[in-house]
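**Student:** Sharing start-v6.json (JSON, C-alpha atoms) below.
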```
[["chain", "number", "residue", "atom", "x", "y", "z"],
["M", 1, "MET", "CA", -47.94, -30.71, 2.08],
["M", 2, "ASN", "CA", -45.07, -30.70, -0.44],
["M", 3, "LYS", "CA", -44.99, -26.88, -0.32],
["M", 4, "ILE", "CA", -44.53, -27.01, 3.47],
["M", 5, "LYS", "CA", -41.73, -29.60, 3.17],
["M", 6, "ASN", "CA", -40.01, -27.56, 0.47],
["M", 7, "PHE", "CA", -40.35, -24.37, 2.51],
["M", 8, "ALA", "CA", -38.95, -26.14, 5.61],
["M", 9, "LEU", "CA", -36.09, -27.53, 3.52],
["M", 10, "VAL", "CA", -35.26, -24.04, 2.20],
["M", 11, "ILE", "CA", -35.33, -22.56, 5.71],
["M", 12, "MET", "CA", -33.10, -25.34, 7.08],
["M", 13, "THR", "CA", -30.66, -24.87, 4.18],
["M", 14, "LEU", "CA", -30.52, -21.12, 4.84],
["M", 15, "PHE", "CA", -29.82, -21.70, 8.54],
["M", 16, "MET", "CA", -27.09, -24.21, 7.70],
["M", 17, "MET", "CA", -25.53, -21.82, 5.18],
["M", 18, "ASN", "CA", -25.68, -18.96, 7.68],
["M", 19, "ASP", "CA", -24.10, -21.14, 10.38],
["M", 20, "SER", "CA", -21.40, -22.22, 7.94],
["M", 21, "TYR", "CA", -20.79, -18.59, 6.94],
["M", 22, "SER", "CA", -20.62, -17.53, 10.59],
["M", 23, "GLN", "CA", -18.05, -20.22, 11.34],
["M", 24, "THR", "CA", -16.00, -19.27, 8.28],
["M", 25, "ASN", "CA", -16.32, -15.58, 9.10],
["M", 26, "SER", "CA", -15.31, -16.10, 12.74],
["M", 27, "ASN", "CA", -12.38, -18.31, 11.66],
["M", 28, "SER", "CA", -11.38, -15.55, 9.25],
["M", 29, "LYS", "CA", -11.57, -12.96, 12.06],
["M", 30, "VAL", "CA", -9.46, -15.19, 14.33],
["M", 31, "SER", "CA", -6.92, -15.57, 11.54],
["M", 32, "GLN", "CA", -7.04, -11.82, 10.88],
["M", 33, "ASN", "CA", -6.52, -11.07, 14.59],
["M", 34, "LYS", "CA", -3.51, -13.41, 14.68],
["M", 35, "THR", "CA", -2.08, -11.67, 11.60],
["M", 36, "THR", "CA", -2.69, -8.27, 13.14],
["M", 37, "GLN", "CA", -1.02, -9.33, 16.39],
["M", 38, "ASN", "CA", 2.04, -10.63, 14.52],
["M", 39, "ILE", "CA", 2.49, -7.44, 12.48],
["M", 40, "ALA", "CA", 1.09, -4.68, 14.72],
["M", 41, "ARG", "CA", 4.46, -3.70, 16.19],
["M", 42, "VAL", "CA", 5.94, -2.67, 12.83],
["M", 43, "LYS", "CA", 5.32, 1.04, 12.39],
["M", 44, "ALA", "CA", 4.26, 2.26, 8.96],
["M", 45, "TYR", "CA", 4.11, 5.99, 9.65],
["M", 46, "GLY", "CA", 2.99, 8.17, 12.57],
["M", 47, "ASP", "CA", 0.20, 6.33, 14.37],
["M", 48, "LEU", "CA", -0.21, 3.81, 11.53],
["M", 49, "PHE", "CA", 1.06, 0.25, 11.94],
["M", 50, "PHE", "CA", 1.23, -2.52, 9.38],
["M", 51, "GLY", "CA", -1.51, -5.07, 9.91],
["M", 52, "MET", "CA", -4.10, -2.51, 11.01],
["M", 53, "PRO", "CA", -7.58, -3.05, 9.54],
["M", 54, "SER", "CA", -8.74, -0.42, 7.03],
["M", 55, "ASP", "CA", -11.39, 1.06, 9.33],
["M", 56, "SER", "CA", -8.77, 1.80, 12.01],
["M", 57, "VAL", "CA", -6.47, 3.37, 9.42],
["M", 58, "GLU", "CA", -9.29, 5.51, 8.06],
["M", 59, "ASN", "CA", -10.19, 6.72, 11.56],
["M", 60, "ILE", "CA", -6.61, 7.88, 12.11],
["M", 61, "LEU", "CA", -6.24, 9.47, 8.67],
["M", 62, "GLN", "CA", -9.59, 11.30, 8.77],
["M", 63, "ALA", "CA", -8.23, 13.34, 11.62],
["M", 64, "GLN", "CA", -5.34, 14.27, 9.28],
["M", 65, "THR", "CA", -7.51, 14.68, 6.11],
["M", 66, "TYR", "CA", -5.41, 12.22, 4.06],
["M", 67, "SER", "CA", -2.64, 14.73, 3.50],
["M", 68, "LEU", "CA", 0.43, 15.25, 5.62],
["M", 69, "THR", "CA", 3.36, 17.59, 5.75],
["M", 70, "ILE", "CA", 6.69, 15.78, 5.68],
["M", 71, "GLY", "CA", 9.74, 17.98, 5.85],
["M", 72, "ASN", "CA", 8.60, 21.24, 4.29],
["M", 73, "TYR", "CA", 6.09, 19.94, 1.74],
["M", 74, "GLU", "CA", 2.62, 18.44, 1.66],
["M", 75, "TYR", "CA", 1.90, 14.91, 0.47],
["M", 76, "ILE", "CA", -1.27, 12.94, -0.24],
["M", 77, "VAL", "CA", -1.47, 9.61, 1.61],
["M", 78, "TYR", "CA", -2.52, 6.39, -0.16],
["M", 79, "CYS", "CA", -3.03, 3.13, 1.74],
["M", 80, "TYR", "CA", -2.84, -0.39, 0.32],
["M", 81, "TYR", "CA", -4.50, -3.38, 1.96],
["M", 82, "HIS", "CA", -3.68, -7.10, 2.01],
["M", 83, "ALA", "CA", -6.44, -9.54, 0.99],
["M", 84, "ALA", "CA", -7.43, -9.78, 4.69],
["M", 85, "ASP", "CA", -8.11, -5.99, 4.67],
["M", 86, "LEU", "CA", -4.91, -5.25, 6.59],
["M", 87, "LEU", "CA", -2.55, -2.36, 5.86],
["M", 88, "TYR", "CA", 0.63, -3.58, 4.14],
["M", 89, "LYS", "CA", 1.80, -0.52, 2.23],
["M", 90, "ILE", "CA", 1.50, 3.25, 2.42],
["M", 91, "SER", "CA", 2.59, 5.83, -0.11],
["M", 92, "PHE", "CA", 2.97, 9.59, -0.10],
["M", 93, "THR", "CA", 2.68, 11.58, -3.31],
["M", 94, "GLN", "CA", 3.49, 15.25, -3.75],
["M", 95, "VAL", "CA", 0.24, 17.26, -3.74],
["M", 96, "MET", "CA", 0.99, 19.38, -6.81],
["M", 97, "PRO", "CA", 2.76, 17.60, -9.69],
["M", 98, "LEU", "CA", 5.12, 19.81, -11.69],
["M", 99, "SER", "CA", 5.84, 20.22, -15.39],
["M", 100, "ALA", "CA", 9.12, 19.20, -17.01],
["M", 101, "GLY", "CA", 10.46, 22.75, -16.70],
["M", 102, "PHE", "CA", 10.74, 22.26, -12.93],
["M", 103, "TYR", "CA", 12.30, 18.77, -13.04],
["M", 104, "ASP", "CA", 15.90, 19.75, -12.24],
["M", 105, "THR", "CA", 14.99, 22.76, -10.10],
["M", 106, "TYR", "CA", 11.99, 22.92, -7.79],
["M", 107, "LEU", "CA", 11.18, 19.18, -7.99],
["M", 108, "LYS", "CA", 14.77, 18.32, -7.10],
["M", 109, "VAL", "CA", 14.61, 20.69, -4.10],
["M", 110, "MET", "CA", 11.43, 18.94, -2.90],
["M", 111, "HIS", "CA", 13.03, 15.52, -3.42],
["M", 112, "ASN", "CA", 16.16, 16.51, -1.51],
["M", 113, "ASP", "CA", 14.06, 17.93, 1.34],
["M", 114, "LEU", "CA", 12.30, 14.58, 1.78],
["M", 115, "LEU", "CA", 15.62, 12.74, 1.36],
["M", 116, "LEU", "CA", 17.16, 14.77, 4.19],
["M", 117, "THR", "CA", 14.12, 14.10, 6.41],
["M", 118, "LEU", "CA", 14.43, 10.35, 5.74],
["M", 119, "LYS", "CA", 18.20, 10.33, 6.34],
["M", 120, "ASN", "CA", 17.66, 12.07, 9.68],
["M", 121, "LYS", "CA", 15.12, 9.42, 10.66],
["M", 122, "PHE", "CA", 16.56, 6.22, 9.14],
["M", 123, "GLY", "CA", 20.23, 6.99, 8.50],
["M", 124, "SER", "CA", 21.95, 6.48, 5.16],
["M", 125, "PRO", "CA", 20.02, 4.59, 2.48],
["M", 126, "THR", "CA", 20.99, 0.96, 1.88],
["M", 127, "THR", "CA", 20.76, 1.56, -1.88],
["M", 128, "ILE", "CA", 21.43, 4.86, -3.66],
["M", 129, "TYR", "CA", 20.44, 5.21, -7.32],
["M", 130, "GLY", "CA", 20.67, 9.01, -7.35],
["M", 131, "TYR", "CA", 18.19, 11.57, -8.60],
["M", 132, "PRO", "CA", 16.60, 10.03, -11.74],
["M", 133, "ASP", "CA", 17.75, 11.30, -15.12],
["M", 134, "PHE", "CA", 14.91, 13.17, -16.82],
["M", 135, "LEU", "CA", 15.47, 11.37, -20.15],
["M", 136, "LYS", "CA", 15.03, 7.97, -18.46],
["M", 137, "MET", "CA", 11.62, 8.74, -16.96],
["M", 138, "ASP", "CA", 8.67, 6.60, -18.14],
["M", 139, "ASN", "CA", 5.05, 7.72, -18.12],
["M", 140, "GLY", "CA", 3.08, 5.86, -15.45],
["M", 141, "TYR", "CA", 6.16, 4.67, -13.56],
["M", 142, "THR", "CA", 8.30, 5.71, -10.63],
["M", 143, "LYS", "CA", 12.09, 5.76, -10.78],
["M", 144, "LEU", "CA", 13.65, 5.14, -7.38],
["M", 145, "SER", "CA", 16.43, 7.32, -6.06],
["M", 146, "ASN", "CA", 17.02, 5.85, -2.59],
["M", 147, "VAL", "CA", 15.97, 2.72, -0.69],
["M", 148, "TRP", "CA", 16.19, 1.89, 3.01],
["M", 149, "ARG", "CA", 15.83, -1.87, 3.61],
["M", 150, "GLN", "CA", 15.12, -2.79, 7.20],
["M", 151, "LYS", "CA", 14.28, -6.08, 8.87],
["M", 152, "ASP", "CA", 10.50, -5.78, 8.57],
["M", 153, "LYS", "CA", 9.90, -2.84, 6.23],
["M", 154, "THR", "CA", 11.32, -1.06, 3.21],
["M", 155, "ILE", "CA", 11.24, 2.66, 2.45],
["M", 156, "GLU", "CA", 11.57, 3.78, -1.19],
["M", 157, "LEU", "CA", 11.97, 7.36, -2.39],
["M", 158, "GLY", "CA", 11.63, 8.32, -6.03],
["M", 159, "ILE", "CA", 10.17, 10.47, -8.77],
["M", 160, "GLY", "CA", 7.00, 9.51, -10.62],
["M", 161, "GLU", "CA", 5.66, 10.63, -13.98],
["M", 162, "ASN", "CA", 2.07, 10.80, -15.14],
["M", 163, "ASP", "CA", 1.18, 12.46, -18.46],
["M", 164, "PHE", "CA", 4.24, 14.75, -18.48],
["M", 165, "SER", "CA", 3.71, 15.79, -14.85],
["M", 166, "TYR", "CA", 6.38, 14.87, -12.31],
["M", 167, "PHE", "CA", 6.15, 14.35, -8.57],
["M", 168, "VAL", "CA", 8.08, 13.16, -5.54],
["M", 169, "CYS", "CA", 6.77, 9.90, -4.11],
["M", 170, "LEU", "CA", 7.58, 7.75, -1.12],
["M", 171, "PHE", "CA", 6.60, 4.13, -0.51],
["M", 172, "ILE", "CA", 6.78, 2.33, 2.83],
["M", 173, "TYR", "CA", 5.81, -1.33, 2.90],
["M", 174, "HIS", "CA", 5.92, -4.36, 5.15],
["M", 175, "ASN", "CA", 8.36, -6.81, 3.55],
["M", 176, "LYS", "CA", 6.50, -10.08, 4.23],
["M", 177, "MET", "CA", 3.02, -8.77, 3.50],
["M", 178, "ASN", "CA", 4.18, -7.06, 0.29],
["M", 179, "SER", "CA", 5.84, -10.30, -0.80],
["M", 180, "ASP", "CA", 2.60, -12.22, -0.07],
["M", 181, "VAL", "CA", 0.59, -9.76, -2.17],
["M", 182, "ILE", "CA", 3.03, -10.09, -5.09],
["M", 183, "LYS", "CA", 2.93, -13.90, -4.83],
["M", 184, "GLY", "CA", -0.89, -13.76, -4.84],
["M", 185, "ILE", "CA", -0.91, -11.58, -7.96],
["M", 186, "ASP", "CA", 1.60, -13.89, -9.71],
["M", 187, "LYS", "CA", -0.49, -16.95, -8.77],
["M", 188, "GLN", "CA", -3.68, -15.30, -10.11],
["M", 189, "GLN", "CA", -1.94, -14.31, -13.36],
["M", 190, "ASN", "CA", -0.66, -17.89, -13.81],
["M", 191, "GLN", "CA", -4.16, -19.26, -13.22],
["M", 192, "ASN", "CA", -5.58, -16.78, -15.75],
["M", 193, "ARG", "CA", -2.99, -17.92, -18.33],
["M", 194, "GLN", "CA", -3.83, -21.57, -17.74],
["M", 195, "ASN", "CA", -7.57, -20.88, -18.05],
["M", 196, "SER", "CA", -7.24, -18.74, -21.15],
["M", 197, "GLY", "CA", -8.62, -21.46, -23.43],
["M", 198, "PHE", "CA", -5.59, -21.86, -25.70]]
```
Show me the file's structure as C-alpha coordinates.

**Tutor:**
Amino acid sequence: MNKIKNFALVIMTLFMMNDSYSQTNSNSKVSQNKTTQNIARVKAYGDLFFGMPSDSVENILQAQTYSLTIGNYEYIVYCYYHAADLLYKISFTQVMPLSAGFYDTYLKVMHNDLLLTLKNKFGSPTTIYGYPDFLKMDNGYTKLSNVWRQKDKTIELGIGENDFSYFVCLFIYHNKMNSDVIKGIDKQQNQNRQNSGF
(Lines of atoms letter the chains of each structure in order from A and count residues from 1; the text may use other names and numbers.)
(Lines give C-alpha, C1' and ligand atoms only; values in the text may rest on other atoms or scores of the structure.)
Protein backbone atom coordinates (compact mmCIF):
# COMPACT_ATOMS: atom_id res chain seq x y z
CA MET A 1 0.00 0.00 0.00
CA ASN A 2 2.85 2.40 0.82
CA LYS A 3 4.39 1.73 -2.61
CA ILE A 4 1.12 2.77 -4.29
CA LYS A 5 0.91 5.95 -2.18
CA ASN A 6 4.54 6.80 -2.94
CA PHE A 7 4.03 6.14 -6.65
CA ALA A 8 0.88 8.31 -6.66
CA LEU A 9 2.76 11.05 -4.81
CA VAL A 10 5.59 10.95 -7.37
CA ILE A 11 3.12 11.11 -10.27
CA MET A 12 1.24 14.04 -8.70
CA THR A 13 4.53 15.86 -8.07
CA LEU A 14 5.59 15.35 -11.69
CA PHE A 15 2.25 16.69 -12.95
CA MET A 16 2.53 19.72 -10.66
CA MET A 17 6.11 20.37 -11.79
CA ASN A 18 5.10 20.02 -15.44
CA ASP A 19 2.16 22.39 -14.94
CA SER A 20 4.44 24.85 -13.17
CA TYR A 21 7.01 24.56 -15.98
CA SER A 22 4.30 25.06 -18.61
CA GLN A 23 3.07 28.21 -16.86
CA THR A 24 6.62 29.54 -16.53
CA ASN A 25 7.41 28.61 -20.12
CA SER A 26 4.22 30.23 -21.45
CA ASN A 27 4.89 33.36 -19.34
CA SER A 28 8.39 33.40 -20.78
CA LYS A 29 7.00 33.12 -24.32
CA VAL A 30 4.53 35.95 -23.64
CA SER A 31 7.38 38.07 -22.31
CA GLN A 32 9.53 37.09 -25.31
CA ASN A 33 6.73 38.00 -27.72
CA LYS A 34 6.32 41.40 -26.04
CA THR A 35 10.08 41.98 -26.32
CA THR A 36 10.05 40.93 -29.96
CA GLN A 37 7.13 43.25 -30.70
CA ASN A 38 8.89 46.19 -29.05
CA ILE A 39 12.14 45.68 -30.97
CA ALA A 40 11.04 44.11 -34.27
CA ARG A 41 10.93 47.39 -36.19
CA VAL A 42 14.65 48.11 -35.73
CA LYS A 43 16.48 46.70 -38.72
CA ALA A 44 19.76 44.90 -38.10
CA TYR A 45 20.72 44.11 -41.70
CA GLY A 46 18.84 43.03 -44.83
CA ASP A 47 15.85 40.97 -43.72
CA LEU A 48 17.17 40.65 -40.14
CA PHE A 49 15.58 42.66 -37.34
CA PHE A 50 16.67 43.00 -33.74
CA GLY A 51 14.51 40.95 -31.43
CA MET A 52 14.06 38.08 -33.90
CA PRO A 53 14.34 34.60 -32.36
CA SER A 54 17.39 32.58 -33.39
CA ASP A 55 15.42 30.05 -35.45
CA SER A 56 13.97 32.85 -37.63
CA VAL A 57 17.43 34.37 -38.08
CA GLU A 58 18.90 31.00 -39.03
CA ASN A 59 16.14 30.41 -41.60
CA ILE A 60 16.97 33.73 -43.28
CA LEU A 61 20.74 33.25 -43.15
CA GLN A 62 20.68 29.65 -44.42
CA ALA A 63 19.36 30.99 -47.69
CA GLN A 64 22.45 33.24 -47.76
CA THR A 65 24.92 30.59 -46.42
CA TYR A 66 26.14 32.80 -43.55
CA SER A 67 28.33 34.90 -45.82
CA LEU A 68 27.38 38.08 -47.60
CA THR A 69 28.92 40.46 -50.05
CA ILE A 70 28.95 44.04 -48.80
CA GLY A 71 30.43 46.58 -51.15
CA ASN A 72 32.93 44.58 -53.19
CA TYR A 73 34.05 42.03 -50.59
CA GLU A 74 32.70 38.96 -48.84
CA TYR A 75 32.07 38.80 -45.09
CA ILE A 76 31.14 36.02 -42.68
CA VAL A 77 28.06 36.77 -40.57
CA TYR A 78 28.00 36.15 -36.81
CA CYS A 79 24.83 36.60 -34.74
CA TYR A 80 24.60 37.28 -31.01
CA TYR A 81 21.52 36.52 -28.94
CA HIS A 82 20.08 38.07 -25.78
CA ALA A 83 19.31 35.74 -22.84
CA ALA A 84 15.74 35.38 -24.22
CA ASP A 85 17.22 33.96 -27.47
CA LEU A 86 16.57 37.20 -29.37
CA LEU A 87 18.98 38.79 -31.85
CA TYR A 88 20.68 41.85 -30.34
CA LYS A 89 23.92 42.08 -32.30
CA ILE A 90 25.30 41.06 -35.67
CA SER A 91 28.86 41.21 -36.90
CA PHE A 92 30.54 40.83 -40.27
CA THR A 93 34.14 39.66 -40.52
CA GLN A 94 36.28 39.64 -43.64
CA VAL A 95 36.39 36.09 -45.05
CA MET A 96 40.15 35.93 -45.60
CA PRO A 97 42.32 37.57 -42.91
CA LEU A 98 45.54 39.11 -44.21
CA SER A 99 49.12 39.17 -42.96
CA ALA A 100 50.84 42.31 -41.68
CA GLY A 101 52.38 42.94 -45.10
CA PHE A 102 48.93 43.87 -46.44
CA TYR A 103 47.89 46.06 -43.48
CA ASP A 104 48.42 49.47 -45.11
CA THR A 105 47.62 48.30 -48.64
CA TYR A 106 44.99 45.71 -49.51
CA LEU A 107 43.39 45.65 -46.02
CA LYS A 108 43.05 49.43 -46.08
CA VAL A 109 41.40 49.25 -49.53
CA MET A 110 38.88 46.71 -48.18
CA HIS A 111 38.24 48.87 -45.11
CA ASN A 112 37.69 51.98 -47.21
CA ASP A 113 35.33 50.09 -49.54
CA LEU A 114 33.11 49.13 -46.58
CA LEU A 115 33.45 52.65 -45.14
CA LEU A 116 32.18 54.16 -48.41
CA THR A 117 29.27 51.69 -48.48
CA LEU A 118 28.32 52.64 -44.91
CA LYS A 119 28.63 56.38 -45.59
CA ASN A 120 26.33 56.01 -48.60
CA LYS A 121 23.77 54.23 -46.43
CA PHE A 122 24.06 56.04 -43.06
CA GLY A 123 25.77 59.34 -43.87
CA SER A 124 28.86 60.62 -42.08
CA PRO A 125 29.97 58.72 -38.97
CA THR A 126 29.17 60.31 -35.60
CA THR A 127 32.67 59.40 -34.38
CA ILE A 128 35.78 59.12 -36.55
CA TYR A 129 38.92 57.54 -35.06
CA GLY A 130 40.61 56.99 -38.43
CA TYR A 131 42.25 53.88 -39.83
CA PRO A 132 43.98 52.18 -36.86
CA ASP A 133 47.75 52.54 -36.55
CA PHE A 134 49.40 49.15 -37.11
CA LEU A 135 51.67 49.56 -34.06
CA LYS A 136 48.64 50.08 -31.78
CA MET A 137 46.89 46.84 -32.76
CA ASP A 138 46.35 44.24 -30.00
CA ASN A 139 45.99 40.52 -30.59
CA GLY A 140 42.42 39.38 -29.96
CA TYR A 141 40.95 42.89 -30.12
CA THR A 142 39.30 45.19 -32.63
CA LYS A 143 40.31 48.83 -33.02
CA LEU A 144 37.42 50.97 -34.21
CA SER A 145 37.82 53.42 -37.06
CA ASN A 146 34.28 54.81 -37.42
CA VAL A 147 31.04 54.71 -35.41
CA TRP A 148 27.50 55.64 -36.40
CA ARG A 149 25.29 56.14 -33.31
CA GLN A 150 21.59 56.18 -34.07
CA LYS A 151 18.53 56.28 -31.85
CA ASP A 152 18.08 52.51 -31.55
CA LYS A 153 21.24 50.99 -32.99
CA THR A 154 24.97 51.55 -33.33
CA ILE A 155 27.20 50.61 -36.26
CA GLU A 156 30.95 50.16 -35.62
CA LEU A 157 33.62 49.64 -38.27
CA GLY A 158 37.14 48.58 -37.40
CA ILE A 159 40.13 46.32 -37.88
CA GLY A 160 40.63 43.17 -35.83
CA GLU A 161 43.74 41.14 -35.12
CA ASN A 162 44.04 37.46 -34.34
CA ASP A 163 47.45 35.77 -34.18
CA PHE A 164 49.13 38.26 -36.53
CA SER A 165 46.28 38.09 -39.05
CA TYR A 166 44.26 41.23 -39.70
CA PHE A 167 40.71 41.67 -40.94
CA VAL A 168 37.98 44.24 -41.49
CA CYS A 169 35.04 43.84 -39.13
CA LEU A 170 31.69 45.51 -38.70
CA PHE A 171 29.39 45.38 -35.67
CA ILE A 172 25.73 46.42 -35.64
CA TYR A 173 23.89 46.22 -32.33
CA HIS A 174 20.65 47.28 -30.71
CA ASN A 175 21.55 49.90 -28.09
CA LYS A 176 19.14 48.86 -25.31
CA MET A 177 19.56 45.11 -25.74
CA ASN A 178 23.36 45.42 -25.91
CA SER A 179 23.31 47.51 -22.74
CA ASP A 180 21.12 44.87 -21.02
CA VAL A 181 23.56 42.12 -21.99
CA ILE A 182 26.53 44.11 -20.64
CA LYS A 183 24.65 44.82 -17.39
CA GLY A 184 23.86 41.09 -17.07
CA ILE A 185 27.52 40.17 -17.57
CA ASP A 186 28.62 42.79 -15.01
CA LYS A 187 26.03 41.53 -12.51
CA GLN A 188 27.19 37.91 -12.99
CA GLN A 189 30.85 38.90 -12.56
CA ASN A 190 30.01 40.80 -9.35
CA GLN A 191 28.12 37.78 -8.02
CA ASN A 192 31.07 35.52 -8.88
CA ARG A 193 33.43 37.88 -6.99
CA GLN A 194 31.16 37.89 -3.95
CA ASN A 195 30.88 34.08 -3.99
CA SER A 196 34.60 33.50 -4.49
CA GLY A 197 35.12 32.38 -0.90
CA PHE A 198 37.61 35.05 0.16

**Student:** Could you work out how far atom CA of M:Leu115 lies from atom CA of M:Val57, giving the answer in Å with one decimal?

**Tutor:**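 Rounded to one decimal, the two atoms are 25.3 Å apart.
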
**Student:** If you measure from atom CA of M:Lys176 to atom CA of M:Val95, what distance in Å do you get, rounded to one decimal?

**Tutor:**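 Between atom CA of M:Lys176 and atom CA of M:Val95 the gap is 29.2 Å.
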
**Student:** Write out as a list in words each polymer residue whose atoms come within 12 Å of M:Lys151, counting all atoms listed in the file; drop sequence neighbours fewer than 5 positions from it.

**Tutor:**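 Selected residues are Val42, Lys43, Thr126, Tyr173, His174, Asn175 and Lys176 of chain M.
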
**Student:** Of the residues M:Met110, M:Leu144, M:Met177, M:Ile90, which is the one nearest to M:Glu74, using all atoms listed in the file?

**Tutor:** M:Met110

**Student:** Please list, as number ranges by chain, the residues that have an atom at most 12 Å away from (12.2, 19.1, -13.7) in the coordinates of this file, counting only C-alpha atoms.

**Tutor:** M: 97-111, 131-135, 137, 159-161, 164-168

**Student:** Interatomic distance between atom CA of M:Tyr78 and atom CA of M:Pro125?

**Tutor:**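 So the two atoms, atom CA of M:Tyr78 and atom CA of M:Pro125, lie 22.8 Å apart.
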
**Student:** Which of these residues is nearest to M:Glu58, using only C-alpha atoms: M:Cys79, M:Arg41, M:Lys153, M:Tyr73?

**Tutor:**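 Of all the options, M:Cys79 lies closest to M:Glu58.
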
**Student:** Within 6 Å of (-6.8, -1.3, 5.6) (file coordinates; all atoms listed in the file), which protein or nucleic acid residues are there? I'd like them as a ChimeraX atom specification.

**Tutor:** /M:53-54,81,85-87

**Student:** Please write the residues from the selection above to a file, keeping C-alpha atoms, as a PDB file, keeping the file's coordinate frame.

**Tutor:**
```pdb
ATOM      1  CA  PRO M  53      -7.580  -3.050   9.540  1.00  0.00           C
ATOM      2  CA  SER M  54      -8.740  -0.420   7.030  1.00  0.00           C
ATOM      3  CA  TYR M  81      -4.500  -3.380   1.960  1.00  0.00           C
ATOM      4  CA  ASP M  85      -8.110  -5.990   4.670  1.00  0.00           C
ATOM      5  CA  LEU M  86      -4.910  -5.250   6.590  1.00  0.00           C
ATOM      6  CA  LEU M  87      -2.550  -2.360   5.860  1.00  0.00           C
TER       7      LEU M  87
END
```

**Student:** For each of M:Gly140, M:Gly184, M:Gly51, M:Gly71, take the minimum atom-to-atom distance to M:Lys119, counting only C-alpha atoms, then give the residue where this is smallest.

**Tutor:**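 Closest candidate: M:Gly71.
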
**Student:** For a quick check of understanding, using all atoms listed in the file, which of M:Ser91, M:Thr154, M:Thr127, M:Leu118 has the smallest distance to M:Ser179?

**Tutor:**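 Using all atoms listed in the file, M:Ser179 sits closest to M:Thr154.
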
**Student:** Just want the 10 Å neighbourhood of M:Gly130, counted on all atoms listed in the file, with same-chain residues fewer than 5 positions away dropped. Output as a list of chain:residue names.

**Tutor:** M:Lys143, M:Leu144, M:Ser145, M:Asn146, M:Gly158
